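Pasting run_27.cif here (mmCIF, C-alpha atoms):
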```
data_entry
loop_
_atom_site.label_atom_id
_atom_site.label_comp_id
_atom_site.auth_asym_id
_atom_site.auth_seq_id
_atom_site.Cartn_x
_atom_site.Cartn_y
_atom_site.Cartn_z
CA MET A 26 91.12 82.57 120.63
CA SER A 27 93.28 85.62 119.91
CA GLN A 28 95.65 85.65 116.95
CA TYR A 29 98.81 87.71 116.69
CA LEU A 30 100.96 89.27 114.02
CA VAL A 31 104.60 88.88 115.06
CA ILE A 32 107.34 90.91 113.36
CA LYS A 33 111.08 90.53 113.96
CA LEU A 34 113.34 93.49 113.18
CA GLY A 35 117.09 93.94 112.83
CA ASP A 36 120.06 91.63 113.32
CA ASP A 37 119.13 90.79 116.89
CA ASP A 38 115.46 90.20 116.03
CA LEU A 39 113.59 92.76 118.09
CA GLU A 40 110.16 91.08 118.29
CA LEU A 41 106.98 93.11 118.05
CA GLN A 42 103.61 91.50 118.75
CA PHE A 43 100.25 92.81 117.53
CA GLN A 44 96.86 91.40 118.47
CA ILE A 45 94.74 90.95 115.36
CA ARG A 46 91.31 92.52 115.69
CA SER A 47 88.24 90.30 115.59
CA THR A 48 86.51 92.35 112.89
CA PRO A 49 85.37 91.19 109.44
CA LEU A 50 87.90 93.63 107.99
CA ALA A 51 90.78 92.08 109.91
CA GLN A 52 89.67 88.58 109.00
CA LEU A 53 89.71 89.44 105.28
CA TRP A 54 93.27 90.69 105.66
CA LEU A 55 94.23 87.63 107.70
CA GLU A 56 92.99 85.36 104.91
CA ARG A 57 95.34 87.16 102.51
CA MET A 58 98.20 86.93 105.03
CA GLN A 59 97.77 83.18 105.19
CA GLN A 60 98.20 83.01 101.39
CA ARG A 61 101.31 85.21 101.19
CA HIS A 62 103.98 82.49 101.48
CA ALA A 63 104.22 81.97 97.72
CA TRP A 64 105.70 85.46 97.27
CA PRO A 65 108.89 86.99 98.70
CA MET A 66 108.84 90.03 100.93
CA ASP A 67 109.39 93.14 98.87
CA ASN A 68 111.79 95.87 100.11
CA PRO A 69 112.12 94.77 103.77
CA ASP A 70 113.86 98.09 104.53
CA ARG A 71 110.84 100.31 103.86
CA PHE A 72 111.14 102.34 107.05
CA TYR A 73 110.21 106.01 107.10
CA GLY A 74 110.77 108.79 109.61
CA PHE A 75 112.99 107.04 112.17
CA GLY A 76 116.12 109.09 111.42
CA THR A 77 116.82 112.81 111.74
CA ALA A 78 115.35 115.13 109.12
CA GLN A 79 118.77 115.44 107.50
CA GLN A 80 119.27 111.66 107.39
CA GLU A 81 115.82 111.05 105.93
CA GLN A 82 116.28 113.72 103.24
CA HIS A 83 119.75 112.46 102.28
CA ARG A 84 118.49 108.90 101.99
CA ALA A 85 115.51 110.00 99.90
CA VAL A 86 117.46 112.24 97.50
CA ASP A 87 120.19 109.64 97.01
CA MET A 88 117.59 107.02 96.11
CA ILE A 89 115.73 109.26 93.67
CA GLN A 90 118.95 110.39 91.93
CA GLN A 91 120.02 106.77 91.44
CA CYS A 92 116.62 105.94 89.94
CA ILE A 93 116.73 108.89 87.54
CA ALA A 94 120.25 108.01 86.36
CA ALA A 95 119.33 104.37 85.71
CA ILE A 96 116.09 105.25 83.90
CA ASN A 97 117.71 107.83 81.65
CA SER A 98 120.62 105.50 80.85
CA HIS A 99 118.16 103.41 78.83
CA GLN A 100 116.25 106.31 77.29
CA ARG A 101 116.08 109.91 78.46
CA ILE A 102 112.45 110.18 79.49
CA ILE A 103 113.10 112.40 82.53
CA ASP A 104 114.02 115.76 81.02
CA ARG A 105 113.89 117.94 84.13
CA GLU A 106 116.64 118.41 86.66
CA PHE A 107 115.52 117.12 90.03
CA GLU A 108 114.49 119.79 92.52
CA TYR A 109 113.30 119.01 96.03
CA THR A 110 109.85 120.50 95.45
CA GLN A 111 106.41 118.94 95.44
CA ASP A 112 105.91 119.93 91.80
CA SER A 113 109.08 118.07 90.83
CA LEU A 114 107.96 115.01 92.81
CA ASN A 115 104.52 115.14 91.16
CA TYR A 116 106.25 115.24 87.76
CA LEU A 117 108.38 112.18 88.60
CA HIS A 118 105.38 110.28 89.91
CA ASN A 119 103.63 110.99 86.62
CA ILE A 120 106.69 109.62 84.76
CA PHE A 121 106.42 106.46 86.84
CA GLU A 122 102.71 106.08 86.09
CA ARG A 123 103.15 106.66 82.35
CA TYR A 124 106.16 104.42 81.71
CA HIS A 125 105.73 101.76 84.38
CA GLY A 126 101.99 101.46 83.89
CA LEU A 127 99.39 100.15 86.27
CA LEU A 128 99.78 96.69 87.74
CA ASP A 129 97.69 95.14 84.97
CA GLN A 130 98.58 97.61 82.20
CA GLN A 131 102.35 97.49 81.71
CA THR A 132 102.08 98.17 77.99
CA SER A 133 104.46 101.06 77.28
CA GLU A 134 107.17 100.57 74.66
CA TYR A 135 109.72 101.83 77.17
CA TRP A 136 108.78 99.13 79.68
CA HIS A 137 108.94 96.32 77.14
CA SER A 138 112.32 97.39 75.77
CA ALA A 139 113.97 98.13 79.13
CA PRO A 140 116.31 95.64 80.82
CA ASP A 141 115.38 94.31 84.25
CA THR A 142 117.70 96.71 86.09
CA VAL A 143 116.00 99.68 84.47
CA ARG A 144 112.54 98.26 85.13
CA GLN A 145 113.50 97.92 88.79
CA ALA A 146 114.72 101.53 88.85
CA LEU A 147 111.42 102.67 87.35
CA ALA A 148 109.50 100.69 89.97
CA ASN A 149 111.73 102.11 92.70
CA LEU A 150 111.07 105.63 91.42
CA ASN A 151 107.62 105.38 92.97
CA LEU A 152 109.09 104.42 96.35
CA ALA A 153 111.73 107.14 96.05
CA VAL A 154 109.11 109.83 95.38
CA HIS A 155 107.10 108.77 98.42
CA ARG A 156 110.25 108.66 100.53
CA CYS A 157 111.06 112.23 99.47
CA GLU A 158 107.52 113.33 100.30
CA ALA A 159 107.70 111.69 103.72
CA ALA A 160 111.04 113.37 104.44
CA GLN A 161 109.50 116.80 103.77
CA ARG A 162 106.82 116.36 106.40
CA PRO A 163 106.98 116.25 110.21
CA PRO A 164 108.39 112.89 111.42
CA MET A 165 105.80 110.15 111.04
CA PRO A 166 107.70 106.90 111.71
CA LYS A 167 106.28 103.80 110.07
CA PHE A 168 107.31 100.72 108.16
CA VAL A 169 105.60 99.01 105.26
CA CYS A 170 105.46 95.27 104.46
CA THR A 171 104.54 94.11 100.95
CA TRP A 172 104.91 90.87 99.01
CA PHE A 173 106.44 91.04 95.55
CA GLY A 174 104.09 89.82 92.83
CA MET A 175 101.18 88.84 95.08
CA PRO A 176 98.02 89.41 93.00
CA LYS A 177 95.82 92.31 94.02
CA THR A 178 92.45 90.70 93.30
CA GLN A 179 90.38 91.31 96.43
CA CYS A 180 88.19 94.41 96.71
CA LEU A 181 87.09 96.04 99.95
CA SER A 182 83.40 96.88 99.71
CA SER A 183 82.17 100.42 100.27
CA GLU A 184 80.11 99.12 103.19
CA LEU A 185 83.18 97.71 104.98
CA GLN A 186 85.18 100.85 104.23
CA GLN A 187 82.40 102.96 105.73
CA GLN A 188 82.02 100.74 108.79
CA TYR A 189 85.67 100.15 109.69
CA GLY A 190 87.54 103.05 108.13
CA GLU A 191 88.89 105.53 110.68
CA PRO A 192 89.88 109.20 109.99
CA ALA A 193 92.87 108.90 112.33
CA ILE A 194 96.19 107.09 112.64
CA LYS A 195 97.15 105.63 116.01
CA PHE A 196 100.54 104.67 117.41
CA GLY A 197 101.28 100.94 117.12
CA THR A 198 98.32 100.08 114.91
CA VAL A 199 98.61 97.91 111.80
CA TYR A 200 96.66 99.17 108.77
CA LEU A 201 95.86 97.84 105.33
CA ASN A 202 98.37 99.28 102.89
CA TYR A 203 97.25 101.03 99.73
CA CYS A 204 98.37 98.48 97.15
CA GLU A 205 97.60 100.07 93.79
CA ILE A 206 99.66 102.20 91.43
CA GLY A 207 98.17 105.66 91.48
CA LYS A 208 96.89 108.26 93.91
CA THR A 209 93.81 108.65 96.06
CA VAL A 210 91.94 111.95 96.39
CA GLU A 211 93.78 112.49 99.68
CA ASP A 212 97.15 112.00 97.95
CA LEU A 213 96.22 114.36 95.12
CA THR A 214 95.09 116.96 97.64
CA ARG A 215 98.23 116.78 99.80
CA ASP A 216 100.40 117.12 96.70
CA ASN A 217 98.20 119.70 94.96
CA ASP A 218 98.83 117.46 91.97
CA GLN A 219 98.38 119.09 88.57
CA TYR A 220 99.79 116.15 86.57
CA MET A 221 97.14 113.57 87.45
CA GLY A 222 96.24 111.20 84.66
CA GLU A 223 92.87 109.60 84.15
CA ASP A 224 94.21 106.08 84.61
CA ALA A 225 96.41 106.98 87.56
CA PHE A 226 93.59 108.11 89.87
CA ARG A 227 92.84 105.14 92.10
CA PRO A 228 90.64 105.43 95.21
CA PHE A 229 91.27 102.80 97.87
CA GLY A 230 89.66 99.61 96.62
CA TYR A 231 91.90 96.57 96.29
CA TYR A 232 93.67 95.16 99.30
CA SER A 233 96.22 92.43 99.86
CA ALA A 234 98.39 91.02 102.64
CA ASP A 235 100.29 94.32 102.39
CA PHE A 236 100.22 96.44 105.53
CA PHE A 237 101.94 99.31 107.30
CA VAL A 238 102.61 99.88 110.99
CA ALA A 239 102.31 103.44 112.30
CA PHE A 240 104.46 104.76 115.13
CA TYR A 241 102.86 108.20 115.26
CA GLU A 242 99.48 109.80 115.87
CA LEU A 243 97.59 111.79 113.25
CA ASP A 244 94.07 113.22 113.14
CA LEU A 245 92.85 113.14 109.53
CA MET A 246 89.69 115.15 110.11
CA PRO A 247 91.37 118.44 109.01
CA MET A 248 91.85 116.86 105.59
CA TYR A 249 88.11 116.98 104.83
CA PRO A 250 87.88 120.71 104.01
CA ARG A 251 91.16 120.57 102.07
CA ILE A 252 89.87 117.63 100.03
CA GLN A 253 86.59 119.43 99.40
CA ASN A 254 88.46 122.48 98.08
CA TYR A 255 90.60 120.30 95.83
CA ILE A 256 87.57 118.46 94.44
CA GLU A 257 85.93 121.79 93.63
CA SER A 258 89.13 123.08 91.98
CA GLN A 259 89.22 119.98 89.76
CA GLN A 260 85.48 119.57 89.39
CA THR A 261 85.48 118.52 85.73
CA PHE A 262 87.87 115.66 86.51
CA PHE A 263 86.00 114.40 89.57
CA ASP A 264 82.56 114.76 87.96
CA LYS A 265 83.64 111.97 85.61
CA HIS A 266 84.14 109.74 88.65
CA ASN A 267 80.91 110.78 90.39
CA ILE A 268 82.85 112.36 93.25
CA TYR A 269 81.38 115.62 94.46
CA ASN A 270 82.03 115.69 98.19
CA ALA A 271 84.86 114.91 100.61
CA GLN A 272 82.41 112.73 102.55
CA ASP A 273 82.09 110.38 99.58
CA ILE A 274 83.70 107.05 100.48
CA GLN A 275 85.95 107.32 97.41
CA ALA A 276 87.32 110.62 98.69
CA SER A 277 87.35 110.32 102.50
CA PRO A 278 90.79 110.19 104.20
CA LEU A 279 90.29 106.88 105.98
CA ARG A 280 92.66 104.18 107.29
CA PHE A 281 91.70 100.55 107.80
CA PRO A 282 93.04 99.02 111.05
CA VAL A 283 93.58 95.27 111.48
CA ALA A 284 95.84 94.80 114.54
CA ASP A 285 97.22 96.62 117.59
CA LEU A 286 100.63 96.61 119.27
CA GLU A 287 101.19 95.02 122.67
CA TYR A 288 104.14 96.82 124.28
CA THR A 289 104.84 97.92 127.84
CA GLY A 290 107.53 100.57 127.27
CA THR A 291 107.13 104.19 126.21
CA GLN A 292 106.58 105.27 122.63
CA GLN A 293 109.98 106.98 122.47
CA GLN A 294 111.73 103.89 123.81
CA LEU A 295 110.23 101.80 121.05
CA ILE A 296 111.10 104.31 118.32
CA THR A 297 114.69 104.35 119.59
CA GLN A 298 114.83 100.56 119.45
CA ILE A 299 113.47 100.43 115.90
CA ARG A 300 115.78 103.24 114.68
CA SER A 301 118.81 100.93 114.84
CA ARG A 302 116.92 97.94 113.40
CA GLN A 303 115.39 99.22 110.16
CA LEU A 304 115.02 95.84 108.47
CA VAL A 305 112.12 93.40 108.66
CA ARG A 306 113.58 89.92 109.22
CA GLU A 307 110.45 87.83 109.65
CA VAL A 308 106.66 88.17 109.64
CA THR A 309 104.46 85.44 111.11
CA VAL A 310 100.88 84.94 112.24
CA GLN A 311 100.40 82.98 115.46
#
```

The structure given in the file should be rewritten as structure tokens.
Amino acid sequence: MSQYLVIKLGDDDLELQFQIRSTPLAQLWLERMQQRHAWPMDNPDRFYGFGTAQQEQHRAVDMIQQCIAAINSHQRIIDREFEYTQDSLNYLHNIFERYHGLLDQQTSEYWHSAPDTVRQALANLNLAVHRCEAAQRPPMPKFVCTWFGMPKTQCLSSELQQQYGEPAIKFGTVYLNYCEIGKTVEDLTRDNDQYMGEDAFRPFGYYSADFFVAFYELDLMPMYPRIQNYIESQQTFFDKHNIYNAQDIQASPLRFPVADLEYTGTQQQLITQIRSRQLVREVTVQ
């Protein structure tokens, strides 16, 4: 019997229905979804790429400036003026990694002395950086659903990653969301990141109920030679992690699909509908 992920958006509850795949990968995610009720939905307005380029950039810069102001109001740890460049975004992401810490390593003195509002701003700095990065690229509409505080304890085996990972993103497909604090080899390559820390490099491994829904198409195969070049340019770093080749499962640009949209209209019609409803109201499994 088929199962469905049902998502309601906006004030008038636009309902989207996705058939959950009958794969072992999808079933692992479904088990996590059925445990999610103990945690609230986190940032139900995490929509990217549905507005104009100018709207997306304004929203991203406004968010990142608010984060910087709140963080520095406690202690001035960001000592560079914000510039809308990838190097500046890499620098801010490194600030986030250092002072926020990984999910299980929030040990910095700054974090422990900061009030809750500043901690939230530091956490939001990560989202703001990614929003700025997304606004710099060609429109790739998507939304992300996560659950605040849900433990990230389940690991996806290399075998399942190899079997069900796809080097492409398809319109209307639901994918496992990267749920760690850090960057994959693909992220580091896209950003040409020169600030990467040893603890902040995190290949895809843990998964949760977290997911994202793509409303664009993207072939990831062209990333392989770029990743290979980046690995070779940072060979000393990646040698420590036994990563030598873009084909290595820890380096491959893969996505992990779990469900597919059922919709009879055109892609543009759906994007237009979502554009005015950028808020997730309800997520259910039926």

Worksheet item: Can you list, as number ranges by chain, the residues that the PyMOL selection byres ((chain A and resi 176-192) around 9) selects here?
Response: A: 48-50, 53, 57, 128, 173-175, 193-194, 204-205, 229-233, 243-246, 274-275, 277-282

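Among the candidate residues A:Val199, A:Leu117, A:Arg123, A:Gln111, the one lying nearest to Gln161 (chain A) is A:Gln111, with distances computed using all atoms listed in the file.
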
Worksheet entry | Residue nearest Met66 (chain A) - candidates A:Phe263, A:Phe196, A:Tyr249, A:Phe236, atoms counted: only C-alpha atoms |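 The closest residue to Met66 (chain A) is A:Phe236.
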
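With distances restricted to only C-alpha atoms, A:Val210 is the closest residue to Phe262 (chain A) from A:Val210, A:Leu34, A:Ala94, A:Val86.
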
Item to complete: Return as a ChimeraX atom specification the set of residues that the PyMOL selection byres ((chain A and resi 152-160) around 7) yields on the displayed structure.
Response: /A:74,78,81-82,85-86,88-89,114,118,149-151,161-162

Fill in: Nearest-residue call for Ile103 (chain A), choices A:Tyr255, A:Tyr124, A:Trp64, A:Phe43, using all atoms listed in the file
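Distance minimum relative to Ile103 (chain A) lands on A:Tyr124.
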